[in-house]
Amino acid sequence: MSICPKNKSSKARRDKRRANWKMDAVNLVKCSKCGALMMPHRVCKACGSYNKKEIISVD
């Protein structure tokens with residue numbers, strides 16, 4: 001058996017629960033090697049380094 005609601009929830013009360021489902025802005029940090037903006041804890045797309053070490057070679 002499923003749980004049945006005692007009273008009907010209005011549309012306003014129902015939609016208040018969904019008010020905080022919006023997306024956050026992406027957090028960007030400066031690369032420690034080249035200074036380009038990148039996502040934290042990821043390899044830099046501009047220079048290919050992570051934690052001041054070259055991980056991939058970028059042409």
# chains A, B, ... in the order shown; residues from 1 in each chain; ligands from 1
call {"tool": "residues_around", "arguments": {"residues": "Lys45 (chain A)", "least_positions_apart": "2", "cutoff": "12 Å", "atoms": "only C-alpha atoms", "output": "list in words"}}
result
Lys30, Cys31, Lys33, Cys34, Gly35, Ala36, Leu37, Met38, Met39, Pro40, Arg42, Val43, Cys47, Gly48, Ser49, Tyr50, Glu54, Ile55, Ile56, Ser57, Val58 and Asp59 of chain A
call {"tool": "atom_distance", "arguments": {"atom1": "CA of Lys22 (chain A)", "atom2": "CA of Asn7 (chain A)"}}
result
28.1 Å
call {"tool": "select_by_dssp", "arguments": {"residues": "chain A", "states": "alpha helix (DSSP H)", "output": "NGL selection string"}}
result
:A and (11-16)
call {"tool": "write_last_selection", "arguments": {"atoms": "N, CA and C atoms", "output": "compact mmCIF listing (two decimals), in the first residue's frame"}}
result
# COMPACT_ATOMS: atom_id res chain seq x y z
N LYS A 11 -1.05 24.18 -5.97
CA LYS A 11 0.02 24.31 -6.96
C LYS A 11 1.15 25.19 -6.44
N ALA A 12 0.80 26.23 -5.69
CA ALA A 12 1.81 27.12 -5.14
C ALA A 12 2.68 26.41 -4.12
N ARG A 13 2.07 25.63 -3.26
CA ARG A 13 2.83 24.89 -2.24
C ARG A 13 3.70 23.82 -2.89
N ARG A 14 3.17 23.16 -3.92
CA ARG A 14 3.94 22.15 -4.64
C ARG A 14 5.15 22.77 -5.35
N ASP A 15 4.95 23.91 -5.99
CA ASP A 15 6.01 24.54 -6.77
C ASP A 15 7.07 25.21 -5.89
N LYS A 16 6.74 25.48 -4.63
CA LYS A 16 7.74 26.04 -3.72
C LYS A 16 8.89 25.06 -3.48
call {"tool": "select_by_dssp", "arguments": {"residues": "chain A", "states": "strand (DSSP E)", "output": "list of chain:residue names"}}
result
A:Val29, A:Lys30, A:Leu37, A:Met38, A:Ser49, A:Tyr50, A:Lys53, A:Glu54
call {"tool": "closest_residue", "arguments": {"among": "A:Ser32, A:Ser2, A:Asn27, A:Ala19", "to": "Asn51 (chain A)", "atoms": "only C-alpha atoms"}}
result
A:Ser32
call {"tool": "decode", "arguments": {"residues": "region 13-27 of chain A", "atoms": "all heavy atoms", "output": "CSV table (one decimal), in the first residue's frame"}}
result
chain,number,residue,atom,x,y,z
A,13,ARG,N,2.1,25.6,-3.3
A,13,ARG,CA,2.8,24.9,-2.2
A,13,ARG,C,3.7,23.8,-2.9
A,13,ARG,O,4.8,23.6,-2.5
A,13,ARG,CB,1.9,24.3,-1.2
A,13,ARG,CG,2.5,23.6,0.0
A,13,ARG,CD,1.5,23.1,0.9
A,13,ARG,NE,0.9,24.3,1.6
A,13,ARG,CZ,1.2,24.7,2.9
A,13,ARG,NH1,2.1,24.0,3.5
A,13,ARG,NH2,0.5,25.6,3.4
A,14,ARG,N,3.2,23.2,-3.9
A,14,ARG,CA,3.9,22.1,-4.6
A,14,ARG,C,5.2,22.8,-5.4
A,14,ARG,O,6.3,22.2,-5.3
A,14,ARG,CB,3.0,21.5,-5.7
A,14,ARG,CG,3.7,20.4,-6.5
A,14,ARG,CD,2.9,20.1,-7.8
A,14,ARG,NE,2.9,21.3,-8.6
A,14,ARG,CZ,2.0,21.5,-9.6
A,14,ARG,NH1,1.0,20.6,-9.8
A,14,ARG,NH2,2.0,22.5,-10.4
A,15,ASP,N,4.9,23.9,-6.0
A,15,ASP,CA,6.0,24.5,-6.8
A,15,ASP,C,7.1,25.2,-5.9
A,15,ASP,O,8.2,25.5,-6.4
A,15,ASP,CB,5.4,25.6,-7.7
A,15,ASP,CG,4.6,24.9,-8.8
A,15,ASP,OD1,4.8,23.6,-9.0
A,15,ASP,OD2,3.8,25.5,-9.5
A,16,LYS,N,6.7,25.5,-4.6
A,16,LYS,CA,7.7,26.0,-3.7
A,16,LYS,C,8.9,25.1,-3.5
A,16,LYS,O,10.0,25.5,-3.3
A,16,LYS,CB,7.1,26.4,-2.4
A,16,LYS,CG,6.4,27.7,-2.4
A,16,LYS,CD,5.8,28.0,-1.0
A,16,LYS,CE,4.8,29.1,-1.0
A,16,LYS,NZ,4.2,29.3,0.3
A,17,ARG,N,8.6,23.8,-3.5
A,17,ARG,CA,9.6,22.8,-3.3
A,17,ARG,C,10.6,22.8,-4.5
A,17,ARG,O,11.8,22.4,-4.4
A,17,ARG,CB,9.0,21.4,-3.2
A,17,ARG,CG,8.3,21.2,-1.9
A,17,ARG,CD,8.0,19.7,-1.7
A,17,ARG,NE,7.1,19.2,-2.7
A,17,ARG,CZ,5.7,19.2,-2.6
A,17,ARG,NH1,5.2,19.7,-1.5
A,17,ARG,NH2,5.0,18.6,-3.5
A,18,ARG,N,10.2,23.2,-5.7
A,18,ARG,CA,11.0,23.1,-6.9
A,18,ARG,C,11.7,24.5,-7.1
A,18,ARG,O,12.3,24.7,-8.1
A,18,ARG,CB,10.2,22.8,-8.1
A,18,ARG,CG,9.7,21.3,-8.0
A,18,ARG,CD,8.6,21.1,-9.1
A,18,ARG,NE,8.2,19.7,-9.1
A,18,ARG,CZ,7.3,19.2,-8.3
A,18,ARG,NH1,6.7,20.0,-7.3
A,18,ARG,NH2,6.9,17.9,-8.4
A,19,ALA,N,11.6,25.4,-6.2
A,19,ALA,CA,12.1,26.8,-6.4
A,19,ALA,C,13.6,26.8,-6.3
A,19,ALA,O,14.3,27.7,-6.9
A,19,ALA,CB,11.6,27.7,-5.3
A,20,ASN,N,14.3,25.8,-5.6
A,20,ASN,CA,15.7,25.9,-5.5
A,20,ASN,C,16.4,24.9,-6.4
A,20,ASN,O,17.6,24.4,-6.1
A,20,ASN,CB,16.1,25.6,-4.0
A,20,ASN,CG,15.6,26.7,-3.1
A,20,ASN,OD1,15.7,27.9,-3.5
A,20,ASN,ND2,15.1,26.4,-2.0
A,21,TRP,N,15.8,24.5,-7.5
A,21,TRP,CA,16.4,23.5,-8.4
A,21,TRP,C,17.2,24.1,-9.5
A,21,TRP,O,17.6,23.4,-10.4
A,21,TRP,CB,15.3,22.6,-9.0
A,21,TRP,CG,14.9,21.5,-8.1
A,21,TRP,CD1,14.7,21.6,-6.7
A,21,TRP,CD2,14.6,20.2,-8.4
A,21,TRP,NE1,14.3,20.4,-6.2
A,21,TRP,CE2,14.2,19.5,-7.2
A,21,TRP,CE3,14.7,19.4,-9.6
A,21,TRP,CZ2,13.9,18.2,-7.2
A,21,TRP,CZ3,14.4,18.1,-9.6
A,21,TRP,CH2,14.0,17.5,-8.4
A,22,LYS,N,17.5,25.4,-9.4
A,22,LYS,CA,18.2,26.1,-10.5
A,22,LYS,C,19.7,25.7,-10.4
A,22,LYS,O,20.2,25.3,-9.4
A,22,LYS,CB,18.1,27.6,-10.3
A,22,LYS,CG,18.6,28.1,-9.0
A,22,LYS,CD,18.2,29.6,-8.9
A,22,LYS,CE,18.6,30.1,-7.5
A,22,LYS,NZ,17.7,29.7,-6.5
A,23,MET,N,20.3,25.8,-11.6
A,23,MET,CA,21.8,25.5,-11.7
A,23,MET,C,22.6,26.6,-11.2
A,23,MET,O,22.3,27.7,-11.2
A,23,MET,CB,22.1,25.2,-13.2
A,23,MET,CG,21.5,23.9,-13.7
A,23,MET,SD,21.9,23.6,-15.4
A,23,MET,CE,23.6,23.2,-15.2
A,24,ASP,N,23.8,26.2,-10.7
A,24,ASP,CA,24.8,27.2,-10.2
A,24,ASP,C,25.7,27.6,-11.3
A,24,ASP,O,25.9,26.8,-12.2
A,24,ASP,CB,25.6,26.6,-9.0
A,24,ASP,CG,24.7,26.4,-7.8
A,24,ASP,OD1,23.7,27.1,-7.6
A,24,ASP,OD2,25.1,25.5,-7.0
A,25,ALA,N,26.3,28.7,-11.2
A,25,ALA,CA,27.4,29.1,-12.2
A,25,ALA,C,28.6,28.3,-12.0
A,25,ALA,O,28.9,27.8,-10.9
A,25,ALA,CB,27.7,30.6,-12.0
A,26,VAL,N,29.3,28.0,-13.1
A,26,VAL,CA,30.5,27.2,-13.0
A,26,VAL,C,31.6,28.0,-12.3
A,26,VAL,O,31.9,29.1,-12.5
A,26,VAL,CB,31.0,26.8,-14.5
A,26,VAL,CG1,32.3,26.0,-14.4
A,26,VAL,CG2,29.9,26.1,-15.2
A,27,ASN,N,32.3,27.3,-11.4
A,27,ASN,CA,33.4,27.9,-10.6
A,27,ASN,C,34.7,27.8,-11.4
A,27,ASN,O,35.1,26.7,-11.9
A,27,ASN,CB,33.6,27.1,-9.3
A,27,ASN,CG,34.6,27.8,-8.4
A,27,ASN,OD1,34.8,29.0,-8.5
A,27,ASN,ND2,35.2,27.0,-7.5
